[in-house]
Amino acid sequence: MNVEKLQDPSEIIQEKLQEASEKTTPSILASVFTLATYDKESGFPDCRNMVMQKFNQAETSFTFYTVESSDKAKQLTKHPFASLCFYWKPLQIQMRAQGIVVEVSEEEIEQAWSERSRSSQLFLLASRQGEIIETPQLLRNELDRLQEENENVEIFKRPKKWKGFKLVPKSVEFWFDRDRSIKNSVPLRIRFLRRLKQLKTQKARLAFGKWERKIVWP
Ligand SMILES: Cc1cc2nc3c(=O)[nH]c(=O)nc-3n(C[C@H](O)[C@H](O)[C@H](O)COP(=O)(O)O)c2cc1C
C-alpha cells in the first residue's frame, strides 16, 4: 500500500488495523483508543481508553459502547464533539480523528448486545459506571446476586442504560514513523479533511463530503 497516494483514509485504517491486530497480543488491544471529550460544566477536557467495537469503512466511523451513567456518556450527550487517538505500536503508526458523535441505531446496539459473552452481559447488567461505590465487595455481591437470580435465564435482555456511540470524523490524521532501516527516511504525516454536518431533521444522521488530503510538516 502506498499511503502517500491514497485519497480515502478508511482504506488505510482498515488495512493498518488488520495488520496491527495480527501483530498485537492479545489482538483486541489493537482496537484500544483514547477518547477525548469535553466536560462543559467543569471546562476540562477528559480522556480515557476505550475498545472500538466496529469500524465502518463506508462512512469512516468508529463505534464504541458504554453505560449511560458514565461521565463520557453525559459529556457526549451535552456536547457531541470528540477526538480519538490510536497508537498501533508494532507499526509505529498514530491515527487520530476529530468529529461528531451520534448514538447508534437500536438494531445495531441490539446486535452488539447479542454478540457479548454472558459474563460481559452480566457485568453490564450490574454496572452503575461512574457512581461512587463504598467497597468493591458490593460489585461482587451484585454479580453473585444476578448470577443466582438468572441461573435459568438463557438470554439477558439488553439494559437500556447500555449505549452505543459512533464518532463520525471531519478529520483523520496519520503519523507514520520514519523507517529506521532506510537512510534519510523521514516521518510522514497525512491529514484528511471533509465537510461534515448534522441533519437538523434527523439528529442521528450526518451528511459528509469527499475527503481532501494534505501532507503536514511532521
Ligand atoms: C483497555 C481499556 C479498554 C476499555 N474499554 C472500555 C469500553 O469499551 N467502554 C467503557 O465504557 N469503558 C471502557 N474502559 C474503561 C474506561 O477507560 C473508563 O475508565 C470508564 O469507561 C469510565 O470513564 P468515564 O468516567 O470517563 O466515563 C476501558 C478501559 C481500558 C483500560
# chains A, B, ... in the order shown; residues from 1 in each chain; ligands from 1
>>> select_by_dssp(residues="region 34-185 of chain A", states="strand (DSSP E)", output="ChimeraX atom specification")
/A:34-38,45-51,54-56,61-67,81-88,93-103,162-176
>>> closest_atom_pairs(of="chain A", to="ligand 1", cutoff="10 Å", atoms="only C-alpha atoms and all ligand atoms", output="CSV")
residue,atom,partner,partner_atom_place_in_ligand_line,distance
A:Ile28,CA,ligand 1,1 (C),8.9
A:Leu29,CA,ligand 1,1 (C),6.9
A:Ala30,CA,ligand 1,1 (C),9.8
A:Ser31,CA,ligand 1,1 (C),8.8
A:Val32,CA,ligand 1,1 (C),5.8
A:Phe33,CA,ligand 1,3 (C),7.8
A:Thr34,CA,ligand 1,17 (O),8.2
A:Leu35,CA,ligand 1,17 (O),8.6
A:Ala36,CA,ligand 1,26 (O),8.8
A:Thr37,CA,ligand 1,26 (O),8.4
A:Asp39,CA,ligand 1,26 (O),9.9
A:Asp46,CA,ligand 1,26 (O),6.7
A:Cys47,CA,ligand 1,26 (O),6.3
A:Arg48,CA,ligand 1,17 (O),4.4
A:Asn49,CA,ligand 1,17 (O),4.2
A:Met50,CA,ligand 1,5 (N),3.4
A:Val51,CA,ligand 1,8 (O),4.0
A:Met52,CA,ligand 1,8 (O),6.6
A:Gln53,CA,ligand 1,8 (O),7.6
A:Thr63,CA,ligand 1,8 (O),9.4
A:Phe64,CA,ligand 1,8 (O),5.9
A:Tyr65,CA,ligand 1,9 (N),5.3
A:Thr66,CA,ligand 1,11 (O),3.7
A:Val67,CA,ligand 1,11 (O),5.9
A:Glu68,CA,ligand 1,27 (O),8.8
A:Ser69,CA,ligand 1,27 (O),7.8
A:Ser70,CA,ligand 1,27 (O),4.0
A:Asp71,CA,ligand 1,27 (O),3.7
A:Lys72,CA,ligand 1,27 (O),3.8
A:Ala73,CA,ligand 1,27 (O),6.2
A:Lys74,CA,ligand 1,27 (O),7.9
A:Gln75,CA,ligand 1,27 (O),8.3
A:Leu76,CA,ligand 1,27 (O),9.7
A:Leu124,CA,ligand 1,11 (O),9.5
A:Ser127,CA,ligand 1,11 (O),9.8
A:Gln129,CA,ligand 1,22 (C),6.5
A:Gly130,CA,ligand 1,25 (O),5.5
A:Glu131,CA,ligand 1,25 (O),9.1
A:Trp162,CA,ligand 1,11 (O),9.0
A:Lys163,CA,ligand 1,11 (O),9.1
A:Gly164,CA,ligand 1,9 (N),9.4
>>> write_last_selection(atoms="C-alpha atoms", output="PDB file, in the first residue's frame")
ATOM      1  CA  ILE A  28      -8.113  -6.797  20.876  1.00  0.00           C
ATOM      2  CA  LEU A  29      -5.505  -4.292  22.120  1.00  0.00           C
ATOM      3  CA  ALA A  30      -5.111  -3.036  18.536  1.00  0.00           C
ATOM      4  CA  SER A  31      -8.705  -1.784  18.861  1.00  0.00           C
ATOM      5  CA  VAL A  32      -7.995   0.231  22.001  1.00  0.00           C
ATOM      6  CA  PHE A  33      -8.039   4.001  21.542  1.00  0.00           C
ATOM      7  CA  THR A  34      -8.063   7.093  23.708  1.00  0.00           C
ATOM      8  CA  LEU A  35     -11.315   9.005  23.567  1.00  0.00           C
ATOM      9  CA  ALA A  36     -11.245  12.696  24.424  1.00  0.00           C
ATOM     10  CA  THR A  37     -14.426  14.519  25.330  1.00  0.00           C
ATOM     11  CA  ASP A  39     -16.874  18.463  30.120  1.00  0.00           C
ATOM     12  CA  ASP A  46     -11.476  14.433  29.703  1.00  0.00           C
ATOM     13  CA  CYS A  47      -9.967  11.268  28.236  1.00  0.00           C
ATOM     14  CA  ARG A  48      -9.967   7.525  28.764  1.00  0.00           C
ATOM     15  CA  ASN A  49      -9.192   4.339  26.877  1.00  0.00           C
ATOM     16  CA  MET A  50     -11.962   2.502  25.068  1.00  0.00           C
ATOM     17  CA  VAL A  51     -12.384  -0.504  22.808  1.00  0.00           C
ATOM     18  CA  MET A  52     -13.567   0.207  19.290  1.00  0.00           C
ATOM     19  CA  GLN A  53     -16.227  -2.386  18.507  1.00  0.00           C
ATOM     20  CA  THR A  63     -18.347   2.656  17.203  1.00  0.00           C
ATOM     21  CA  PHE A  64     -17.954   2.120  20.940  1.00  0.00           C
ATOM     22  CA  TYR A  65     -20.234   1.196  23.823  1.00  0.00           C
ATOM     23  CA  THR A  66     -20.637   2.463  27.348  1.00  0.00           C
ATOM     24  CA  VAL A  67     -23.096   2.989  30.187  1.00  0.00           C
ATOM     25  CA  GLU A  68     -25.470   5.947  30.368  1.00  0.00           C
ATOM     26  CA  SER A  69     -24.424   6.908  33.920  1.00  0.00           C
ATOM     27  CA  SER A  70     -20.764   7.339  32.894  1.00  0.00           C
ATOM     28  CA  ASP A  71     -19.109  10.739  32.672  1.00  0.00           C
ATOM     29  CA  LYS A  72     -18.290  10.259  28.997  1.00  0.00           C
ATOM     30  CA  ALA A  73     -21.915   9.436  28.117  1.00  0.00           C
ATOM     31  CA  LYS A  74     -23.122  12.536  29.964  1.00  0.00           C
ATOM     32  CA  GLN A  75     -20.436  14.687  28.365  1.00  0.00           C
ATOM     33  CA  LEU A  76     -21.229  13.398  24.870  1.00  0.00           C
ATOM     34  CA  LEU A 124     -23.054  -4.639  32.275  1.00  0.00           C
ATOM     35  CA  SER A 127     -22.858  -1.713  36.085  1.00  0.00           C
ATOM     36  CA  GLN A 129     -20.400   3.080  35.929  1.00  0.00           C
ATOM     37  CA  GLY A 130     -19.453   6.486  37.271  1.00  0.00           C
ATOM     38  CA  GLU A 131     -21.315   6.204  40.591  1.00  0.00           C
ATOM     39  CA  TRP A 162     -26.118   0.424  27.790  1.00  0.00           C
ATOM     40  CA  LYS A 163     -25.451   2.885  24.962  1.00  0.00           C
ATOM     41  CA  GLY A 164     -23.623   2.755  21.658  1.00  0.00           C
TER      42      GLY A 164
END
>>> closest_residue(among="A:Phe174, A:Lys78, A:Lys89, A:Met1", to="Glu22 (chain A)", atoms="only C-alpha atoms")
A:Lys89
>>> select_by_dssp(residues="region 91-148 of chain A", states="helix (DSSP H, G or I)", output="PyMOL selection string")
chain A and resi 91+106-115+118-126+136-148
>>> write_last_selection(atoms="N, CA and C atoms", output="compact mmCIF listing (two decimals), in the first residue's frame")
# COMPACT_ATOMS: atom_id res chain seq x y z
N LEU A 91 3.41 -1.14 14.53
CA LEU A 91 3.58 -0.50 13.22
C LEU A 91 4.15 0.91 13.36
N GLU A 106 -31.00 1.35 17.17
CA GLU A 106 -31.49 0.29 18.05
C GLU A 106 -31.08 -1.10 17.54
N GLU A 107 -31.19 -1.29 16.21
CA GLU A 107 -30.85 -2.61 15.63
C GLU A 107 -29.38 -2.92 15.86
N GLU A 108 -28.56 -1.89 15.66
CA GLU A 108 -27.11 -2.11 15.80
C GLU A 108 -26.73 -2.43 17.25
N ILE A 109 -27.33 -1.73 18.17
CA ILE A 109 -26.99 -1.94 19.59
C ILE A 109 -27.52 -3.31 20.05
N GLU A 110 -28.68 -3.69 19.53
CA GLU A 110 -29.26 -4.99 19.88
C GLU A 110 -28.35 -6.12 19.39
N GLN A 111 -27.85 -5.95 18.17
CA GLN A 111 -26.96 -6.94 17.57
C GLN A 111 -25.66 -7.05 18.40
N ALA A 112 -25.12 -5.87 18.77
CA ALA A 112 -23.87 -5.85 19.54
C ALA A 112 -24.07 -6.54 20.90
N TRP A 113 -25.24 -6.31 21.49
CA TRP A 113 -25.54 -6.93 22.80
C TRP A 113 -25.56 -8.45 22.67
N SER A 114 -26.20 -8.93 21.58
CA SER A 114 -26.33 -10.39 21.41
C SER A 114 -24.96 -11.05 21.18
N GLU A 115 -23.99 -10.27 20.71
CA GLU A 115 -22.66 -10.85 20.45
C GLU A 115 -21.76 -10.85 21.70
N ARG A 118 -21.77 -13.97 27.98
CA ARG A 118 -22.70 -13.94 29.11
C ARG A 118 -22.08 -13.18 30.30
N SER A 119 -20.79 -13.39 30.52
CA SER A 119 -20.17 -12.73 31.68
C SER A 119 -20.09 -11.21 31.46
N SER A 120 -19.84 -10.82 30.21
CA SER A 120 -19.79 -9.38 29.93
C SER A 120 -21.18 -8.77 30.07
N GLN A 121 -22.21 -9.50 29.63
CA GLN A 121 -23.58 -9.01 29.78
C GLN A 121 -23.96 -8.87 31.25
N LEU A 122 -23.53 -9.85 32.04
CA LEU A 122 -23.83 -9.84 33.47
C LEU A 122 -23.17 -8.63 34.14
N PHE A 123 -21.93 -8.38 33.74
CA PHE A 123 -21.18 -7.25 34.30
C PHE A 123 -21.89 -5.94 33.95
N LEU A 124 -22.38 -5.86 32.70
CA LEU A 124 -23.05 -4.64 32.27
C LEU A 124 -24.41 -4.47 32.94
N LEU A 125 -25.08 -5.59 33.22
CA LEU A 125 -26.36 -5.51 33.94
C LEU A 125 -26.14 -4.92 35.33
N ALA A 126 -25.00 -5.30 35.92
CA ALA A 126 -24.70 -4.82 37.28
C ALA A 126 -24.17 -3.38 37.27
N PRO A 136 -15.47 -2.49 46.70
CA PRO A 136 -15.62 -3.37 45.53
C PRO A 136 -16.44 -4.62 45.85
N GLN A 137 -16.54 -4.94 47.16
CA GLN A 137 -17.31 -6.13 47.55
C GLN A 137 -18.78 -6.00 47.10
N LEU A 138 -19.28 -4.76 47.08
CA LEU A 138 -20.68 -4.54 46.67
C LEU A 138 -20.89 -4.98 45.23
N LEU A 139 -19.88 -4.78 44.39
CA LEU A 139 -19.98 -5.21 43.00
C LEU A 139 -19.97 -6.74 42.93
N ARG A 140 -19.06 -7.35 43.73
CA ARG A 140 -19.02 -8.84 43.76
C ARG A 140 -20.37 -9.39 44.20
N ASN A 141 -20.93 -8.79 45.23
CA ASN A 141 -22.24 -9.26 45.74
C ASN A 141 -23.32 -9.13 44.68
N GLU A 142 -23.28 -7.99 43.98
CA GLU A 142 -24.30 -7.73 42.96
C GLU A 142 -24.17 -8.75 41.82
N LEU A 143 -22.93 -9.07 41.44
CA LEU A 143 -22.72 -10.06 40.37
C LEU A 143 -23.22 -11.44 40.81
N ASP A 144 -22.94 -11.80 42.08
CA ASP A 144 -23.41 -13.09 42.60
C ASP A 144 -24.93 -13.14 42.61
N ARG A 145 -25.53 -12.03 43.05
CA ARG A 145 -26.99 -11.97 43.14
C ARG A 145 -27.62 -12.15 41.75
N LEU A 146 -27.07 -11.41 40.77
CA LEU A 146 -27.61 -11.50 39.41
C LEU A 146 -27.42 -12.90 38.82
N GLN A 147 -26.24 -13.46 39.13
CA GLN A 147 -25.93 -14.82 38.64
C GLN A 147 -26.96 -15.82 39.15
N GLU A 148 -27.22 -15.73 40.45
CA GLU A 148 -28.17 -16.64 41.09
C GLU A 148 -29.59 -16.44 40.57
>>> closest_residue(among="A:Pro169, A:Pro187, A:Pro45, A:Gly209", to="Arg96 (chain A)", atoms="only C-alpha atoms")
A:Pro169
>>> closest_residue(among="A:Val168, A:Leu199, A:Leu206, A:Ile190", to="Leu6 (chain A)", atoms="only C-alpha atoms")
A:Ile190
>>> residues_around(residues="Ala82 (chain A)", least_positions_apart="2", cutoff="7 Å", atoms="only C-alpha atoms", output="PyMOL selection string")
chain A and resi 36-37+80+84+98-101
>>> residues_around(residues="Glu173 (chain A)", least_positions_apart="6", cutoff="8 Å", atoms="only C-alpha atoms", output="list in words")
Met95, Arg96, Ala97, Arg189, Ile190, Arg191 and Phe192 of chain A
>>> write_last_selection(atoms="C-alpha atoms", output="CSV table (one decimal), in the first residue's frame")
chain,number,residue,atom,x,y,z
A,95,MET,CA,-4.1,7.7,13.9
A,96,ARG,CA,-6.2,10.5,15.3
A,97,ALA,CA,-9.7,11.7,14.4
A,189,ARG,CA,2.1,13.0,8.5
A,190,ILE,CA,-1.0,12.9,6.4
A,191,ARG,CA,-4.2,14.7,7.2
A,192,PHE,CA,-7.6,14.1,5.6
>>> residues_around(residues="Gln57 (chain A)", least_positions_apart="6", cutoff="9 Å", atoms="only C-alpha atoms", output="PyMOL selection string")
chain A and resi 10-11+13-14
>>> atom_distance(atom1="CA of Glu59 (chain A)", atom2="CA of Lys210 (chain A)")
10.6 Å
